[in-house]
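**Student:** Next up, my_file25.cif (mmCIF, C-alpha atoms; chains and numbers go by the auth columns).
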```
data_input
#
loop_
_atom_site.group_PDB
_atom_site.id
_atom_site.type_symbol
_atom_site.label_atom_id
_atom_site.label_comp_id
_atom_site.label_asym_id
_atom_site.label_seq_id
_atom_site.Cartn_x
_atom_site.Cartn_y
_atom_site.Cartn_z
_atom_site.B_iso_or_equiv
_atom_site.auth_seq_id
_atom_site.auth_asym_id
ATOM 1 C CA MET A 1 -66.204 -56.835 -4.953 0.00 1 F
ATOM 2 C CA LYS A 2 -65.362 -54.996 -1.758 0.00 2 F
ATOM 3 C CA THR A 3 -63.148 -56.561 0.852 0.00 3 F
ATOM 4 C CA LYS A 4 -64.176 -56.056 4.459 0.00 4 F
ATOM 5 C CA PHE A 5 -61.534 -55.596 7.087 0.00 5 F
ATOM 6 C CA THR A 6 -61.809 -55.307 10.826 0.00 6 F
ATOM 7 C CA GLU A 7 -60.421 -52.115 12.312 0.00 7 F
ATOM 8 C CA LYS A 8 -57.844 -54.280 14.064 0.00 8 F
ATOM 9 C CA GLN A 9 -56.614 -55.679 10.731 0.00 9 F
ATOM 10 C CA LEU A 10 -56.209 -52.194 9.303 0.00 10 F
ATOM 11 C CA PHE A 11 -54.348 -50.995 12.407 0.00 11 F
ATOM 12 C CA GLU A 12 -52.104 -54.069 12.312 0.00 12 F
ATOM 13 C CA ALA A 13 -51.344 -53.455 8.648 0.00 13 F
ATOM 14 C CA TYR A 14 -50.118 -49.992 9.663 0.00 14 F
ATOM 15 C CA GLN A 15 -48.102 -51.316 12.591 0.00 15 F
ATOM 16 C CA ASN A 16 -46.473 -54.128 10.621 0.00 16 F
ATOM 17 C CA GLN A 17 -45.182 -52.009 7.758 0.00 17 F
ATOM 18 C CA LYS A 18 -41.664 -52.906 6.724 0.00 18 F
ATOM 19 C CA THR A 19 -39.014 -50.259 7.292 0.00 19 F
ATOM 20 C CA PRO A 20 -36.713 -49.566 4.336 0.00 20 F
ATOM 21 C CA GLN A 21 -33.105 -49.842 5.498 0.00 21 F
ATOM 22 C CA LEU A 22 -30.713 -46.937 5.105 0.00 22 F
ATOM 23 C CA GLY A 23 -27.036 -47.295 4.256 0.00 23 F
ATOM 24 C CA SER A 24 -23.788 -45.406 4.025 0.00 24 F
ATOM 25 C CA ALA A 25 -25.040 -43.260 1.129 0.00 25 F
ATOM 26 C CA PHE A 26 -27.631 -41.797 3.498 0.00 26 F
ATOM 27 C CA VAL A 27 -24.980 -40.988 6.128 0.00 27 F
ATOM 28 C CA ALA A 28 -22.797 -39.354 3.460 0.00 28 F
ATOM 29 C CA LYS A 29 -25.691 -37.204 2.257 0.00 29 F
ATOM 30 C CA VAL A 30 -26.526 -35.993 5.771 0.00 30 F
ATOM 31 C CA MET A 31 -22.872 -35.172 6.486 0.00 31 F
ATOM 32 C CA GLN A 32 -22.552 -33.354 3.154 0.00 32 F
ATOM 33 C CA THR A 33 -25.586 -31.179 3.943 0.00 33 F
ATOM 34 C CA ILE A 34 -24.174 -30.383 7.373 0.00 34 F
ATOM 35 C CA ASP A 35 -20.746 -29.522 5.933 0.00 35 F
ATOM 36 C CA GLU A 36 -22.329 -27.199 3.365 0.00 36 F
ATOM 37 C CA ASP A 37 -24.367 -25.612 6.123 0.00 37 F
ATOM 38 C CA LEU A 38 -21.259 -25.130 8.269 0.00 38 F
ATOM 39 C CA SER A 39 -19.333 -23.558 5.402 0.00 39 F
ATOM 40 C CA TRP A 40 -21.961 -20.799 5.164 0.00 40 F
ATOM 41 C CA GLN A 41 -21.919 -20.077 8.906 0.00 41 F
ATOM 42 C CA PRO A 42 -18.871 -17.735 8.996 0.00 42 F
ATOM 43 C CA ILE A 43 -20.327 -15.741 6.073 0.00 43 F
ATOM 44 C CA PHE A 44 -23.671 -15.357 7.847 0.00 44 F
ATOM 45 C CA LYS A 45 -21.912 -14.376 11.063 0.00 45 F
ATOM 46 C CA PHE A 46 -19.826 -11.770 9.223 0.00 46 F
ATOM 47 C CA ALA A 47 -22.932 -10.396 7.492 0.00 47 F
ATOM 48 C CA ALA A 48 -24.846 -10.252 10.790 0.00 48 F
ATOM 49 C CA PHE A 49 -21.903 -8.451 12.439 0.00 49 F
ATOM 50 C CA ASN A 50 -21.847 -5.839 9.642 0.00 50 F
ATOM 51 C CA VAL A 51 -25.581 -5.253 9.867 0.00 51 F
ATOM 52 C CA CYS A 52 -25.285 -4.735 13.633 0.00 52 F
ATOM 53 C CA LEU A 53 -22.307 -2.393 13.154 0.00 53 F
ATOM 54 C CA ALA A 54 -24.230 -0.331 10.573 0.00 54 F
ATOM 55 C CA GLY A 55 -27.168 -0.128 12.985 0.00 55 F
ATOM 56 C CA VAL A 56 -24.974 1.091 15.850 0.00 56 F
ATOM 57 C CA CYS A 57 -23.339 3.691 13.552 0.00 57 F
ATOM 58 C CA ALA A 58 -26.748 4.903 12.404 0.00 58 F
ATOM 59 C CA ILE A 59 -27.976 5.272 15.994 0.00 59 F
ATOM 60 C CA PHE A 60 -24.773 7.115 16.925 0.00 60 F
ATOM 61 C CA ALA A 61 -25.130 9.449 13.922 0.00 61 F
ATOM 62 C CA VAL A 62 -28.705 10.296 14.890 0.00 62 F
ATOM 63 C CA TYR A 63 -27.556 10.906 18.471 0.00 63 F
ATOM 64 C CA LEU A 64 -24.809 13.290 17.272 0.00 64 F
ATOM 65 C CA MET A 65 -27.262 15.095 14.995 0.00 65 F
ATOM 66 C CA ASP A 66 -29.616 15.494 17.894 0.00 66 F
ATOM 67 C CA ILE A 67 -27.115 16.900 20.414 0.00 67 F
ATOM 68 C CA ASN A 68 -25.450 19.201 17.836 0.00 68 F
ATOM 69 C CA ASP A 69 -28.758 20.254 16.301 0.00 69 F
ATOM 70 C CA LEU A 70 -27.587 19.266 12.814 0.00 70 F
ATOM 71 C CA SER A 71 -29.785 18.473 9.850 0.00 71 F
ATOM 72 C CA LEU A 72 -29.581 15.146 8.017 0.00 72 F
ATOM 73 C CA GLN A 73 -28.579 16.982 4.839 0.00 73 F
ATOM 74 C CA LEU A 74 -25.662 18.635 6.639 0.00 74 F
ATOM 75 C CA VAL A 75 -24.433 15.260 7.936 0.00 75 F
ATOM 76 C CA ILE A 76 -24.698 13.708 4.451 0.00 76 F
ATOM 77 C CA ASP A 77 -22.924 16.706 2.877 0.00 77 F
ATOM 78 C CA SER A 78 -20.090 16.568 5.405 0.00 78 F
ATOM 79 C CA GLY A 79 -19.761 12.846 4.783 0.00 79 F
ATOM 80 C CA ILE A 80 -19.417 13.479 1.042 0.00 80 F
ATOM 81 C CA ILE A 81 -16.796 16.205 1.653 0.00 81 F
ATOM 82 C CA ILE A 82 -14.779 13.887 3.925 0.00 82 F
ATOM 83 C CA MET B 1 -29.663 -43.694 28.795 0.00 1 N
ATOM 84 C CA SER B 2 -26.736 -44.131 26.421 0.00 2 N
ATOM 85 C CA SER B 3 -23.746 -42.308 27.844 0.00 3 N
ATOM 86 C CA GLU B 4 -21.971 -43.021 24.557 0.00 4 N
ATOM 87 C CA ASP B 5 -24.458 -40.792 22.711 0.00 5 N
ATOM 88 C CA ILE B 6 -24.019 -38.042 25.276 0.00 6 N
ATOM 89 C CA GLU B 7 -20.238 -38.186 24.884 0.00 7 N
ATOM 90 C CA ILE B 8 -20.593 -37.875 21.108 0.00 8 N
ATOM 91 C CA VAL B 9 -22.950 -34.910 21.497 0.00 9 N
ATOM 92 C CA LYS B 10 -20.399 -33.208 23.762 0.00 10 N
ATOM 93 C CA LYS B 11 -17.643 -33.739 21.176 0.00 11 N
ATOM 94 C CA ILE B 12 -19.807 -32.283 18.402 0.00 12 N
ATOM 95 C CA LEU B 13 -20.691 -29.254 20.497 0.00 13 N
ATOM 96 C CA ALA B 14 -16.994 -28.800 21.211 0.00 14 N
ATOM 97 C CA GLY B 15 -16.409 -28.455 17.455 0.00 15 N
ATOM 98 C CA ASP B 16 -15.893 -31.977 16.149 0.00 16 N
ATOM 99 C CA ALA B 17 -18.775 -31.972 13.655 0.00 17 N
ATOM 100 C CA ASP B 18 -17.608 -35.177 11.977 0.00 18 N
ATOM 101 C CA CYS B 19 -18.587 -37.165 15.101 0.00 19 N
ATOM 102 C CA TYR B 20 -22.197 -36.634 14.093 0.00 20 N
ATOM 103 C CA ARG B 21 -21.631 -39.404 11.554 0.00 21 N
ATOM 104 C CA HIS B 22 -21.645 -41.943 14.437 0.00 22 N
ATOM 105 C CA LEU B 23 -25.006 -40.741 15.690 0.00 23 N
ATOM 106 C CA VAL B 24 -26.491 -40.869 12.183 0.00 24 N
ATOM 107 C CA GLU B 25 -25.178 -44.412 11.621 0.00 25 N
ATOM 108 C CA LYS B 26 -26.476 -45.589 14.977 0.00 26 N
ATOM 109 C CA HIS B 27 -29.962 -44.092 14.813 0.00 27 N
ATOM 110 C CA MET B 28 -30.803 -43.846 11.087 0.00 28 N
ATOM 111 C CA ASN B 29 -32.869 -47.024 10.937 0.00 29 N
ATOM 112 C CA TYR B 30 -34.726 -46.107 14.122 0.00 30 N
ATOM 113 C CA VAL B 31 -35.605 -42.707 12.626 0.00 31 N
ATOM 114 C CA MET B 32 -36.546 -44.385 9.351 0.00 32 N
ATOM 115 C CA SER B 33 -38.895 -46.748 11.231 0.00 33 N
ATOM 116 C CA ILE B 34 -40.773 -43.697 12.550 0.00 34 N
ATOM 117 C CA VAL B 35 -40.713 -41.746 9.295 0.00 35 N
ATOM 118 C CA SER B 36 -41.548 -44.558 6.871 0.00 36 N
ATOM 119 C CA LYS B 37 -44.805 -45.323 8.713 0.00 37 N
ATOM 120 C CA ARG B 38 -45.944 -41.748 8.301 0.00 38 N
ATOM 121 C CA ILE B 39 -44.530 -40.653 4.963 0.00 39 N
ATOM 122 C CA PRO B 40 -44.880 -42.284 1.518 0.00 40 N
ATOM 123 C CA ASN B 41 -41.851 -44.426 0.635 0.00 41 N
ATOM 124 C CA GLU B 42 -40.603 -42.185 -2.150 0.00 42 N
ATOM 125 C CA GLN B 43 -40.304 -39.204 0.236 0.00 43 N
ATOM 126 C CA ALA B 44 -39.437 -40.988 3.511 0.00 44 N
ATOM 127 C CA ARG B 45 -35.689 -40.928 2.866 0.00 45 N
ATOM 128 C CA ASP B 46 -35.681 -37.152 2.289 0.00 46 N
ATOM 129 C CA VAL B 47 -37.715 -36.546 5.436 0.00 47 N
ATOM 130 C CA ALA B 48 -35.355 -38.775 7.470 0.00 48 N
ATOM 131 C CA HIS B 49 -32.464 -36.725 6.054 0.00 49 N
ATOM 132 C CA ASP B 50 -34.189 -33.510 7.168 0.00 50 N
ATOM 133 C CA VAL B 51 -34.724 -35.015 10.648 0.00 51 N
ATOM 134 C CA PHE B 52 -30.971 -35.474 11.097 0.00 52 N
ATOM 135 C CA VAL B 53 -30.167 -32.015 9.751 0.00 53 N
ATOM 136 C CA ARG B 54 -32.769 -30.467 12.053 0.00 54 N
ATOM 137 C CA ALA B 55 -31.431 -32.495 14.992 0.00 55 N
ATOM 138 C CA TYR B 56 -27.899 -31.318 14.244 0.00 56 N
ATOM 139 C CA LYS B 57 -28.996 -27.689 14.248 0.00 57 N
ATOM 140 C CA SER B 58 -30.826 -28.187 17.567 0.00 58 N
ATOM 141 C CA LEU B 59 -28.105 -30.250 19.211 0.00 59 N
ATOM 142 C CA ALA B 60 -27.254 -27.488 21.694 0.00 60 N
ATOM 143 C CA LYS B 61 -30.809 -27.794 23.042 0.00 61 N
ATOM 144 C CA TYR B 62 -30.428 -31.489 23.874 0.00 62 N
ATOM 145 C CA ARG B 63 -30.364 -31.692 27.660 0.00 63 N
ATOM 146 C CA ALA B 64 -29.537 -35.384 28.122 0.00 64 N
ATOM 147 C CA GLU B 65 -32.508 -35.761 30.490 0.00 65 N
ATOM 148 C CA SER B 66 -33.923 -38.431 28.193 0.00 66 N
ATOM 149 C CA PRO B 67 -32.140 -40.882 25.873 0.00 67 N
ATOM 150 C CA PHE B 68 -30.877 -39.390 22.638 0.00 68 N
ATOM 151 C CA ASN B 69 -33.172 -41.600 20.526 0.00 69 N
ATOM 152 C CA HIS B 70 -36.269 -40.302 22.397 0.00 70 N
ATOM 153 C CA TRP B 71 -35.210 -36.754 21.624 0.00 71 N
ATOM 154 C CA LEU B 72 -34.624 -37.771 17.999 0.00 72 N
ATOM 155 C CA ALA B 73 -38.053 -39.440 17.845 0.00 73 N
ATOM 156 C CA LYS B 74 -39.669 -36.183 18.914 0.00 74 N
ATOM 157 C CA ILE B 75 -37.908 -34.331 16.092 0.00 75 N
ATOM 158 C CA ALA B 76 -38.908 -37.066 13.615 0.00 76 N
ATOM 159 C CA VAL B 77 -42.581 -36.885 14.616 0.00 77 N
ATOM 160 C CA ARG B 78 -42.582 -33.094 14.293 0.00 78 N
ATOM 161 C CA GLU B 79 -40.798 -33.226 10.938 0.00 79 N
ATOM 162 C CA CYS B 80 -43.460 -35.634 9.641 0.00 80 N
ATOM 163 C CA TYR B 81 -46.198 -33.376 10.987 0.00 81 N
ATOM 164 C CA ASP B 82 -44.602 -30.401 9.202 0.00 82 N
ATOM 165 C CA PHE B 83 -44.404 -32.466 6.012 0.00 83 N
ATOM 166 C CA TRP B 84 -48.157 -33.133 6.098 0.00 84 N
ATOM 167 C CA ARG B 85 -48.921 -29.521 6.958 0.00 85 N
ATOM 168 C CA LYS B 86 -47.005 -28.395 3.838 0.00 86 N
ATOM 169 C CA GLN B 87 -48.739 -31.035 1.724 0.00 87 N
ATOM 170 C CA TYR B 88 -52.114 -30.075 3.145 0.00 88 N
ATOM 171 C CA ARG B 89 -51.594 -26.382 2.324 0.00 89 N
ATOM 172 C CA GLN B 90 -50.386 -27.158 -1.195 0.00 90 N
ATOM 173 C CA ASN B 91 -53.192 -29.573 -1.944 0.00 91 N
ATOM 174 C CA SER B 92 -56.055 -27.827 -0.182 0.00 92 N
ATOM 175 C CA LYS B 93 -57.366 -26.217 -3.384 0.00 93 N
ATOM 176 C CA ALA B 94 -57.110 -29.367 -5.442 0.00 94 N
ATOM 177 C CA ARG B 95 -58.767 -31.346 -2.666 0.00 95 N
ATOM 178 C CA GLU B 96 -61.676 -28.942 -2.482 0.00 96 N
ATOM 179 C CA ILE B 97 -62.593 -29.510 -6.103 0.00 97 N
ATOM 180 C CA SER B 98 -61.682 -33.134 -6.552 0.00 98 N
ATOM 181 C CA ASP B 99 -61.627 -35.818 -3.936 0.00 99 N
ATOM 182 C CA ILE B 100 -62.889 -34.469 -0.653 0.00 100 N
ATOM 183 C CA GLU B 101 -66.166 -36.240 -1.240 0.00 101 N
ATOM 184 C CA GLN B 102 -64.511 -39.398 -2.420 0.00 102 N
ATOM 185 C CA SER B 103 -65.401 -42.188 -0.063 0.00 103 N
ATOM 186 C CA ILE B 104 -63.144 -45.051 0.776 0.00 104 N
ATOM 187 C CA SER B 105 -65.465 -47.519 -0.920 0.00 105 N
ATOM 188 C CA SER B 106 -65.383 -45.600 -4.201 0.00 106 N
ATOM 189 C CA TYR B 107 -61.597 -45.431 -3.885 0.00 107 N
ATOM 190 C CA GLN B 108 -61.542 -49.158 -3.367 0.00 108 N
ATOM 191 C CA GLN B 109 -63.794 -49.817 -6.347 0.00 109 N
ATOM 192 C CA GLN B 110 -62.137 -47.378 -8.707 0.00 110 N
ATOM 193 C CA GLU B 111 -58.597 -48.408 -7.952 0.00 111 N
ATOM 194 C CA ASN B 112 -59.417 -52.021 -7.203 0.00 112 N
ATOM 195 C CA ARG B 113 -57.331 -51.719 -4.055 0.00 113 N
ATOM 196 C CA ASN B 114 -57.969 -54.244 -1.374 0.00 114 N
ATOM 197 C CA ASP B 115 -54.750 -53.989 0.504 0.00 115 N
ATOM 198 C CA ALA B 116 -55.293 -53.137 4.170 0.00 116 N
ATOM 199 C CA LEU B 117 -52.228 -50.910 4.333 0.00 117 N
ATOM 200 C CA GLU B 118 -53.268 -48.877 1.323 0.00 118 N
ATOM 201 C CA LEU B 119 -56.751 -48.468 2.775 0.00 119 N
ATOM 202 C CA ILE B 120 -55.558 -47.249 6.155 0.00 120 N
ATOM 203 C CA ASN B 121 -53.106 -44.873 4.458 0.00 121 N
ATOM 204 C CA PHE B 122 -55.868 -43.583 2.208 0.00 122 N
ATOM 205 C CA ALA B 123 -58.092 -43.025 5.253 0.00 123 N
ATOM 206 C CA LEU B 124 -55.264 -41.197 7.056 0.00 124 N
ATOM 207 C CA SER B 125 -54.779 -38.968 4.027 0.00 125 N
ATOM 208 C CA LYS B 126 -58.348 -37.748 4.511 0.00 126 N
ATOM 209 C CA LEU B 127 -57.539 -36.356 7.966 0.00 127 N
ATOM 210 C CA ASN B 128 -56.028 -32.936 8.556 0.00 128 N
ATOM 211 C CA PRO B 129 -52.353 -32.944 9.639 0.00 129 N
ATOM 212 C CA GLU B 130 -53.151 -32.340 13.331 0.00 130 N
ATOM 213 C CA ASN B 131 -55.671 -35.162 13.583 0.00 131 N
ATOM 214 C CA ARG B 132 -53.443 -37.437 11.543 0.00 132 N
ATOM 215 C CA ALA B 133 -50.455 -36.816 13.839 0.00 133 N
ATOM 216 C CA VAL B 134 -52.458 -37.416 17.020 0.00 134 N
ATOM 217 C CA LEU B 135 -54.307 -40.461 15.738 0.00 135 N
ATOM 218 C CA THR B 136 -51.094 -42.048 14.539 0.00 136 N
ATOM 219 C CA LEU B 137 -49.359 -41.559 17.868 0.00 137 N
ATOM 220 C CA VAL B 138 -52.211 -42.424 20.223 0.00 138 N
ATOM 221 C CA HIS B 139 -54.336 -45.002 18.424 0.00 139 N
ATOM 222 C CA LEU B 140 -51.972 -46.629 15.949 0.00 140 N
ATOM 223 C CA GLU B 141 -48.726 -46.569 17.895 0.00 141 N
ATOM 224 C CA GLY B 142 -50.089 -46.747 21.433 0.00 142 N
ATOM 225 C CA TYR B 143 -48.416 -43.708 22.973 0.00 143 N
ATOM 226 C CA SER B 144 -50.127 -42.277 26.050 0.00 144 N
ATOM 227 C CA ILE B 145 -51.820 -38.872 25.846 0.00 145 N
ATOM 228 C CA ALA B 146 -48.994 -37.358 27.917 0.00 146 N
ATOM 229 C CA GLU B 147 -46.298 -38.874 25.689 0.00 147 N
ATOM 230 C CA ALA B 148 -48.040 -37.735 22.506 0.00 148 N
ATOM 231 C CA ALA B 149 -48.469 -34.239 23.979 0.00 149 N
ATOM 232 C CA GLU B 150 -44.757 -34.092 24.758 0.00 150 N
ATOM 233 C CA MET B 151 -43.779 -35.307 21.306 0.00 151 N
ATOM 234 C CA LEU B 152 -45.941 -32.784 19.518 0.00 152 N
ATOM 235 C CA GLY B 153 -45.358 -29.967 21.999 0.00 153 N
ATOM 236 C CA TRP B 154 -49.099 -29.541 22.591 0.00 154 N
ATOM 237 C CA SER B 155 -51.179 -29.572 25.787 0.00 155 N
ATOM 238 C CA SER B 156 -52.571 -32.905 27.020 0.00 156 N
ATOM 239 C CA VAL B 157 -56.122 -31.561 26.772 0.00 157 N
ATOM 240 C CA ASN B 158 -55.605 -30.605 23.136 0.00 158 N
ATOM 241 C CA VAL B 159 -54.204 -34.053 22.336 0.00 159 N
ATOM 242 C CA LYS B 160 -57.034 -35.822 24.170 0.00 160 N
ATOM 243 C CA VAL B 161 -59.747 -33.876 22.361 0.00 161 N
ATOM 244 C CA ARG B 162 -58.076 -34.279 18.978 0.00 162 N
ATOM 245 C CA ALA B 163 -57.447 -37.991 19.528 0.00 163 N
ATOM 246 C CA HIS B 164 -61.146 -38.530 20.197 0.00 164 N
ATOM 247 C CA ARG B 165 -62.266 -36.435 17.209 0.00 165 N
ATOM 248 C CA ALA B 166 -59.724 -38.049 14.906 0.00 166 N
ATOM 249 C CA ARG B 167 -60.843 -41.547 15.909 0.00 167 N
ATOM 250 C CA GLU B 168 -64.471 -40.627 15.176 0.00 168 N
ATOM 251 C CA GLN B 169 -63.462 -39.175 11.823 0.00 169 N
ATOM 252 C CA LEU B 170 -61.487 -42.292 10.934 0.00 170 N
ATOM 253 C CA ARG B 171 -64.445 -44.513 11.865 0.00 171 N
ATOM 254 C CA GLU B 172 -66.648 -42.420 9.612 0.00 172 N
ATOM 255 C CA ILE B 173 -64.200 -42.693 6.712 0.00 173 N
ATOM 256 C CA LEU B 174 -63.749 -46.433 7.195 0.00 174 N
ATOM 257 C CA LYS B 175 -67.391 -47.277 7.831 0.00 175 N
ATOM 258 C CA ASP B 176 -67.887 -48.883 4.409 0.00 176 N
ATOM 259 C CA VAL B 177 -64.903 -51.181 4.623 0.00 177 N
ATOM 260 C CA VAL B 178 -64.711 -52.050 8.299 0.00 178 N
ATOM 261 C CA ASP B 179 -66.444 -55.172 9.428 0.00 179 N
ATOM 262 C CA GLU B 180 -68.072 -54.489 12.801 0.00 180 N
ATOM 263 C CA ASN B 181 -68.045 -58.139 13.811 0.00 181 N
#
```
Render the structure in this file as structure tokens.
**Tutor:**
Amino acid sequence: MKTKFTEKQLFEAYQNQKTPQLGSAFVAKVMQTIDEDLSWQPIFKFAAFNVCLAGVCAIFAVYLMDINDLSLQLVIDSGIII
Amino acid sequence: MSSEDIEIVKKILAGDADCYRHLVEKHMNYVMSIVSKRIPNEQARDVAHDVFVRAYKSLAKYRAESPFNHWLAKIAVRECYDFWRKQYRQNSKAREISDIEQSISSYQQQENRNDALELINFALSKLNPENRAVLTLVHLEGYSIAEAAEMLGWSSVNVKVRAHRAREQLREILKDVVDEN
């Protein structure tokens, strides 16, 4: 048999839900995640720096090719010789 | 406004990450009270964890114009909204073929569930994540349209329209179990 509720009763049931309590294990888990995250930061920064450096070098190489009227093959060949 | 919280935030931003522990200890049950109303018990702890990690990553954006726990509440509400959006995307196919037509009365009969909390949670699960988030804030928790708009980062007009639509949808879902008198 169906039970009828008023809308108010349903809303109150939502509002009066009990909150599970968190303890020190929760704090430890959050801090562990943050520590792990922080330990990766220098590696990401180093990787980002290298990507930027490679990009700047590539732009500079194209600029040099352009002003010296060099072909890409010539630049690659000279790089291999060096 | 808790100046103690602001001092801790300053220390963390200056490089003392371990101070974050104090903020977690102080506000974890407040965050859990927001999350546990919106997320099933078995996942609420993980979502609360993600709230604190997200807050830590955004700490530089905290402007101390409002109390730290208000700022944290905003992150918690958005994290819960994101949780339901993910769930909604993952389950959309299954929902199409299985229970979208399932009414609350058939749910009640099949599962023999007469608990008011389970019924309201079942009804909320039938709403899309946007309507669910707005309805929860405005109608179930009593936030004003402006406050809900700020928490969700939406316009007030959007929140107002959605709140109205969501309430109508909820009434439709609950029509078989709600006593009008």
**Student:** Using only C-alpha atoms and a distance of at most 9 Å, pull out the residues of chain F that contact chain N, as a PyMOL selection string.
**Tutor:** chain F and resi 1-7+9-15+17-24+26-31+33-35
**Student:** What's the separation between atom CA of Leu127 of chain N and atom CA of Arg165 of chain N, in Å to one decimal place?
**Tutor:** 10.4 Å
**Student:** Atom CA of Ala64 of chain N and atom CA of Cys80 of chain N are how many Å apart?
**Tutor:**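 Result for atom CA of Ala64 of chain N versus atom CA of Cys80 of chain N: 23.1 Å, one decimal.
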**Student:** Excluding segment 130-134 of chain N and any residue of its chain fewer than 2 positions from it, enumerate the residues within 6 Å of it, using only C-alpha atoms, and give them as a PyMOL selection string.
**Tutor:** chain N and resi 127-128+136-138+162-163+166
**Student:** Atom CA of Ser78 of chain F to atom CA of Val62 of chain F: how many Å, to one decimal?
**Tutor:** 14.3 Å
**Student:** Check the smallest atom-to-atom distance from each of N:Leu13, N:Val47, N:Ala146, N:Ile39 to Lys61 of chain N using only C-alpha atoms, then report the winner.
**Tutor:**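 Using only C-alpha atoms, the shortest distance to Lys61 of chain N belongs to N:Leu13.
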**Student:** Padding 3 Å on each side, edges along x, y and z: where is the centre of the box around the listed atoms of segment 22-35 of chain F, and how long are its edges in Å to one decimal? Output it as AutoDock Vina command-line options.
**Tutor:**
```
--center_x -25.7 --center_y -38.4 --center_z 4.3 --size_x 16.0 --size_y 23.8 --size_z 12.2
```
**Student:** Need to verify the contact set: Met65 of chain F, 10 Å, all atoms listed in the file, exclusion of same-chain residues closer than 6 positions in sequence. Can you return it as a list in words?
**Tutor:** Ile59, Ser71, Leu72, Leu74 and Val75 of chain F
